$ cat coords-v7.txt   # compact mmCIF, C-alpha atoms
# COMPACT_ATOMS: atom_id res chain seq x y z
CA MET A 25 -52.72 45.23 3.66
CA THR A 26 -56.20 45.12 5.03
CA GLU A 27 -57.35 47.12 7.99
CA THR A 28 -57.68 44.06 10.23
CA ALA A 29 -54.14 42.91 9.40
CA VAL A 30 -52.79 46.34 10.32
CA HIS A 31 -54.81 46.28 13.55
CA GLN A 32 -53.49 42.80 14.42
CA SER A 33 -49.88 43.82 13.76
CA GLN A 34 -50.35 46.90 15.97
CA GLN A 35 -51.78 44.71 18.75
CA LYS A 36 -48.80 42.35 18.49
CA LEU A 37 -46.41 45.28 18.70
CA VAL A 38 -48.20 46.68 21.76
CA SER A 39 -48.30 43.28 23.47
CA SER A 40 -44.59 42.70 22.78
CA ARG A 41 -43.77 46.12 24.25
CA LYS A 42 -45.87 45.33 27.32
CA ALA A 43 -44.11 41.97 27.69
CA ALA A 44 -40.71 43.69 27.44
CA ALA A 45 -41.73 46.23 30.08
CA ARG A 46 -43.04 43.46 32.33
CA THR A 47 -39.80 41.51 31.94
CA LYS A 48 -37.82 44.67 32.72
CA ARG A 49 -39.85 45.20 35.90
CA LEU A 50 -39.42 41.57 36.94
CA SER A 51 -35.68 41.68 36.30
CA PHE A 52 -35.48 44.87 38.37
CA LEU A 53 -37.36 43.16 41.21
CA CYS A 54 -35.08 40.13 41.01
CA ALA A 55 -31.99 42.33 41.05
CA PHE A 56 -33.36 44.29 44.01
CA GLU A 57 -34.14 41.06 45.88
CA ARG A 58 -30.62 39.76 45.20
CA SER A 59 -29.12 43.03 46.40
CA VAL A 60 -31.11 42.98 49.64
CA THR A 61 -30.19 39.32 50.10
CA GLU A 62 -26.50 40.06 49.75
CA GLN A 63 -26.78 42.84 52.32
CA SER A 64 -28.71 40.55 54.66
CA ILE A 65 -26.03 37.87 54.37
CA THR A 66 -23.36 40.38 55.36
CA ALA A 67 -25.38 41.88 58.22
CA CYS A 68 -26.54 38.53 59.55
CA ALA A 69 -23.07 36.98 59.54
CA THR A 70 -21.37 40.04 61.03
CA MET A 71 -23.91 40.49 63.80
CA GLY A 72 -23.96 36.74 64.43
CA VAL A 73 -20.22 36.65 65.02
CA TRP A 74 -20.50 39.77 67.20
CA ASN A 75 -23.32 38.11 69.14
CA CYS A 76 -21.12 35.07 69.87
CA VAL A 77 -18.56 37.22 71.69
CA THR A 78 -20.29 36.97 75.06
CA VAL A 79 -20.72 34.66 78.03
CA ASN A 80 -24.50 34.43 77.81
CA PRO A 81 -25.38 31.04 76.28
CA LEU A 82 -28.58 32.30 74.64
CA ASN A 83 -26.60 35.01 72.86
CA ILE A 84 -24.14 32.41 71.62
CA VAL A 85 -26.94 30.18 70.31
CA ALA A 86 -28.63 33.15 68.64
CA GLY A 87 -25.31 34.19 67.09
CA VAL A 88 -24.63 30.71 65.75
CA TRP A 89 -28.16 30.60 64.32
CA MET A 90 -27.56 33.95 62.63
CA VAL A 91 -24.34 32.70 61.04
CA LEU A 92 -26.17 29.56 59.87
CA THR A 93 -28.93 31.76 58.43
CA ALA A 94 -26.30 33.73 56.53
CA CYS A 95 -24.79 30.49 55.19
CA VAL A 96 -28.19 29.18 54.07
CA LEU A 97 -29.01 32.48 52.39
CA PHE A 98 -25.61 32.40 50.72
CA LEU A 99 -26.13 28.87 49.42
CA CYS A 100 -29.68 29.54 48.22
CA GLU A 101 -29.30 32.97 46.69
CA VAL A 102 -25.68 33.24 45.57
CA PRO A 103 -24.84 29.74 44.34
CA PHE A 104 -22.26 30.89 41.78
CA CYS A 105 -19.88 31.68 44.62
CA CYS A 106 -20.02 28.05 45.77
CA GLN A 107 -20.00 26.35 42.38
CA PHE A 108 -17.12 24.02 43.27
CA VAL A 109 -18.82 22.70 46.39
CA GLU A 110 -20.85 19.67 45.32
CA PHE A 111 -23.82 19.97 47.66
CA ALA A 112 -24.21 23.70 47.02
CA ASN A 113 -25.61 23.14 43.52
CA VAL A 114 -28.18 20.69 44.87
CA ILE A 115 -29.31 23.13 47.55
CA ALA A 116 -29.46 26.01 45.07
CA ALA A 117 -31.51 23.94 42.60
CA ARG A 118 -33.94 22.97 45.35
CA ALA A 119 -34.22 26.59 46.50
CA ASP A 120 -34.93 27.74 42.94
CA ARG A 121 -37.82 25.29 42.71
CA LEU A 122 -39.50 26.83 45.76
CA LYS A 123 -42.35 29.23 45.17
CA PRO A 124 -41.84 32.82 46.35
CA TRP A 125 -44.28 32.46 49.25
CA GLN A 126 -42.38 29.38 50.47
CA LYS A 127 -39.10 31.28 50.33
CA ALA A 128 -40.74 34.17 52.17
CA LEU A 129 -41.98 31.90 54.94
CA PHE A 130 -38.61 30.15 55.22
CA TYR A 131 -36.52 33.34 55.28
CA CYS A 132 -38.81 35.18 57.69
CA GLY A 133 -38.92 32.16 60.02
CA MET A 134 -35.15 31.85 60.02
CA ALA A 135 -34.82 35.57 60.74
CA LEU A 136 -37.35 35.62 63.58
CA PHE A 137 -35.99 32.66 65.54
CA PRO A 138 -32.89 34.40 67.02
CA ILE A 139 -34.95 37.46 67.90
CA PHE A 140 -37.37 35.32 69.92
CA LEU A 141 -34.48 33.37 71.40
CA LYS A 142 -32.61 36.40 72.74
CA PHE A 143 -33.88 39.89 71.98
CA SER A 144 -31.04 42.38 71.67
CA LEU A 145 -29.97 45.09 69.28
CA THR A 146 -27.50 42.83 67.51
CA THR A 147 -30.10 40.13 66.85
CA LEU A 148 -32.64 42.73 65.80
CA PHE A 149 -30.37 44.60 63.38
CA GLY A 150 -28.70 41.46 62.10
CA ASN A 151 -31.98 39.79 61.21
CA ALA A 152 -33.97 42.82 60.08
CA ILE A 153 -32.55 42.73 56.56
CA ALA A 154 -32.93 38.94 56.35
CA PHE A 155 -36.57 39.45 57.34
CA ALA A 156 -36.83 42.14 54.65
CA THR A 157 -35.65 39.57 52.11
CA GLY A 158 -38.51 37.32 53.15
CA VAL A 159 -40.93 40.22 52.89
CA LEU A 160 -39.75 40.97 49.35
CA TYR A 161 -40.31 37.36 48.35
CA GLY A 162 -43.75 37.55 49.96
CA LEU A 163 -44.58 40.62 47.92
CA ALA A 164 -43.33 38.87 44.79
CA SER A 165 -45.69 35.99 45.50
CA LEU A 166 -48.66 38.34 45.35
CA GLY A 167 -48.07 38.74 41.63
CA LYS A 168 -48.29 41.71 39.37
CA LYS A 169 -50.79 44.47 39.79
CA GLY A 170 -53.91 44.21 37.63
CA ASP A 171 -54.28 46.55 34.70
CA ALA A 172 -56.94 49.24 34.49
CA VAL A 173 -58.80 47.60 31.60
CA SER A 174 -59.51 44.36 33.43
CA TYR A 175 -60.46 46.31 36.58
CA ALA A 176 -62.93 48.47 34.59
CA ARG A 177 -64.35 45.34 32.95
CA LEU A 178 -64.80 43.75 36.38
CA GLN A 179 -66.53 46.87 37.75
CA HIS A 180 -68.82 47.02 34.72
CA GLN A 181 -69.75 43.36 35.16
CA LYS A 182 -70.38 43.91 38.88
CA GLN A 183 -72.61 46.91 38.11
CA GLY A 184 -74.56 44.83 35.57
CA ASP A 185 -75.06 42.06 38.13
CA GLU A 186 -76.37 44.57 40.68
CA GLU A 187 -78.84 45.94 38.12
CA LYS A 188 -80.11 42.41 37.39
CA VAL A 189 -80.60 41.77 41.10
CA ALA A 190 -82.46 45.08 41.43
CA GLU A 191 -84.76 44.17 38.51
CA THR A 192 -85.60 40.74 39.90
CA THR A 193 -86.40 42.09 43.36
CA GLY A 194 -88.66 44.78 42.00
CA GLY A 195 -86.32 47.70 42.64
CA SER A 196 -85.89 47.09 46.36
CA VAL A 197 -82.45 45.91 47.29
CA PRO A 198 -82.28 44.24 50.71
$ encode --input "coords-v7.txt" --output "structure tokens"
Amino acid sequence: MTETAVHQSQQKLVSSRKAAARTKRLSFLCAFERSVTEQSITACATMGVWNCVTVNPLNIVAGVWMVLTACVLFLCEVPFCCQFVEFANVIAARADRLKPWQKALFYCGMALFPIFLKFSLTTLFGNAIAFATGVLYGLASLGKKGDAVSYARLQHQKQGDEEKVAETTGGSVP
């Protein structure tokens, strides 16, 4: 085997290991998001029902909204529990096609509405985890962190551009 063939096989091995590590990180993030979503469904539904046990109409509306938020989260994120309900598969498929930033905006908006409607501890605690689910999807939409090699290459290119500007201006940088 030639030296270049050995080098290419080593690069393929390294890139496959990096891809496996990246997939492992993404699967961990997905599992963490699903776990937080399941907790938010439970908290939102429980606090929503608790919020409905009152005479204040705004509390009742906020509680109903919280229960609806829990149902929507349940349909979008845990569709295997509703596999025999016909419309659940359609909703889950549509939710899977959404980009992470769209899910983040949707989940955070649904979580903030009852808090603005009637601010109380039950609406705050019930929607805090649902809001955290939206925040996690927002962080997922930012993408992966850049590697050190590309950052160093970018810094080197930036430094070279600054040197060119300094040469063309005669050494005086404005």
$ residues_around --input "coords-v7.txt" --residues "region 134-148 of chain A" --least-positions-apart "5" --cutoff "7 Å" --atoms "all atoms listed in the file" --output "PyMOL selection string"
chain A and resi 71+75+82-83+86+89-90+93+154-155
$ residues_around --input "coords-v7.txt" --residues "region 114-127 of chain A" --least-positions-apart "3" --cutoff "8 Å" --atoms "all atoms listed in the file" --output "PyMOL selection string"
chain A and resi 99-101+103+110-111+130-131+158+161-162+164-165
$ residues_around --input "coords-v7.txt" --residues "Val60 (chain A)" --least-positions-apart "4" --cutoff "8 Å" --atoms "all atoms listed in the file" --output "short mmCIF file (atom, residue, chain, number, x, y, z; two decimals) with C-alpha atoms, keeping the file's coordinate frame"
data_model
loop_
_atom_site.label_atom_id
_atom_site.label_comp_id
_atom_site.auth_asym_id
_atom_site.auth_seq_id
_atom_site.Cartn_x
_atom_site.Cartn_y
_atom_site.Cartn_z
CA PHE A 56 -33.36 44.29 44.01
CA SER A 64 -28.71 40.55 54.66
CA ILE A 153 -32.55 42.73 56.56
CA ALA A 156 -36.83 42.14 54.65
CA THR A 157 -35.65 39.57 52.11
#
$ closest_residue --input "coords-v7.txt" --among "A:Phe108, A:Leu160, A:Leu92, A:Asn113" --to "Ala55 (chain A)" --atoms "only C-alpha atoms"
A:Leu160
